[in-house]
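Notes follow once the structure below has been shown.
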Amino acid sequence: MKIQLPDDLRIFLACGQTDMRKSIDGLTAMISLTYKLDPFQHALFLFCGRRKDRMKAILWEGDGFLLLYKRLENGSFQWPRTTDEAREITPQQYRWLIEGLSIDQKKVIQEVHSKNVL
């Protein structure tokens with residue numbers, strides 16, 4: 001899902017594995033009941049199956065839900081499996097995930113804000 005996301009869109013990742021047979025109703029129920037989040041907010045909700053080669057995403061568009069599905073032909077997503085929580089991630093972490101990288105990079109060069117130059 002290398003689509004251009006709006007800058008103000010929040011992104012939530014459902015840690016752990018999700019039953020990929022769930023459709024829009026099942027995934028929105030999970031968002032509401034399990035994670036106590038509002039599926040109608042301006043947010044993209046990401047889900048991954050047991051094999052980590054498929055991802056589903058749900059997005060409310062104002063008049064209905066958009067269901068996105070991606071299946072990798074080679075490789076797998078580096079999906080966090082440690083807890084059963086919804087974790088908010090940044091657009092950068094989303095790009096890392098889509099590119100096959102971990103969302104928890106060990107070494108990231110930090111941005112420097114205003115520094116004195118001699």
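Every chain in the structure tokens has a letter given in the order shown (A, B, ...), and although residue numbers restart at 1 in each chain, ligands are simply numbered from 1 in the order shown.
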
task: Run DSSP on the backbone and grab whatever in chain A lands in helix (DSSP H, G or I); send it over as a ChimeraX atom specification.
output: /A:24-33,91-98

field: Exercise: A:Ala86 partners within 8 Å, only C-alpha atoms, chain neighbours under 4 positions left out, as number ranges by chain
entry: A: 12-15, 35

- prompt: Looking at A:Met20, A:Asn116, A:Ser32, A:Arg95, which one is nearest to A:Arg71, with distances taken over only C-alpha atoms?
  reply: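 Using only C-alpha atoms, A:Arg71 sits closest to A:Met20.
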
task: Please provide as a list in words all residues within 12 Å of A:Glu85, with the sequence filter that same-chain residues fewer than 2 positions apart are discarded (counting only C-alpha atoms).
output: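 Once the adjacent positions are removed, what remains is Phe12, Leu13, Ala14, Cys15, Gly16, Gln17, Thr18, Met30, Ile31, Leu33, Thr34, Tyr35, Lys36, Leu37, Phe45, Leu46, Phe47, Pro80, Arg81, Thr82, Thr83, Arg87 and Glu88 of chain A.
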
message: Which of stretch 23-107 of chain A end up as strand (DSSP E) when DSSP is run on this backbone - answer as an NGL selection string?
response: :A and (43-48 or 54-60 or 65-71 or 86-89)

message: If I take atom CA of A:Cys48 and atom CA of A:Arg21, how far is one from the other in Å, to one decimal?
response: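 Computing it gives 11.0 Å between the two atoms.
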
Skipping near chain neighbours, those fewer than 4 positions away, what residues fall within 12 Å of A:Gly62 using only C-alpha atoms, listed as a CSV table (one decimal) with N, CA and C atoms, in the first residue's frame?
```csv
chain,number,residue,atom,x,y,z
A,39,PRO,N,-13.7,3.7,15.1
A,39,PRO,CA,-13.4,3.4,13.7
A,39,PRO,C,-13.8,4.5,12.7
A,40,PHE,N,-14.6,5.4,13.2
A,40,PHE,CA,-15.0,6.5,12.3
A,40,PHE,C,-14.1,7.7,12.3
A,41,GLN,N,-13.1,7.7,13.2
A,41,GLN,CA,-12.2,8.8,13.2
A,41,GLN,C,-11.3,8.8,11.9
A,42,HIS,N,-10.6,9.9,11.7
A,42,HIS,CA,-9.8,10.1,10.5
A,42,HIS,C,-8.5,9.3,10.8
A,43,ALA,N,-8.5,8.0,10.6
A,43,ALA,CA,-7.4,7.2,10.9
A,43,ALA,C,-7.4,5.9,10.0
A,66,LEU,N,-13.4,2.1,3.5
A,66,LEU,CA,-12.5,1.6,2.5
A,66,LEU,C,-11.7,0.4,3.1
```

- line: Shortest contact to A:Glu61, candidates A:Leu44, A:Glu111, A:Glu73, A:Lys22, atoms counted only C-alpha atoms, goes to A:Leu44

message: One decimal, in Å: what's the spacing between atom CA of A:Ser23 and atom CA of A:Ile89?
response: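 Those two atoms sit 22.8 Å apart.
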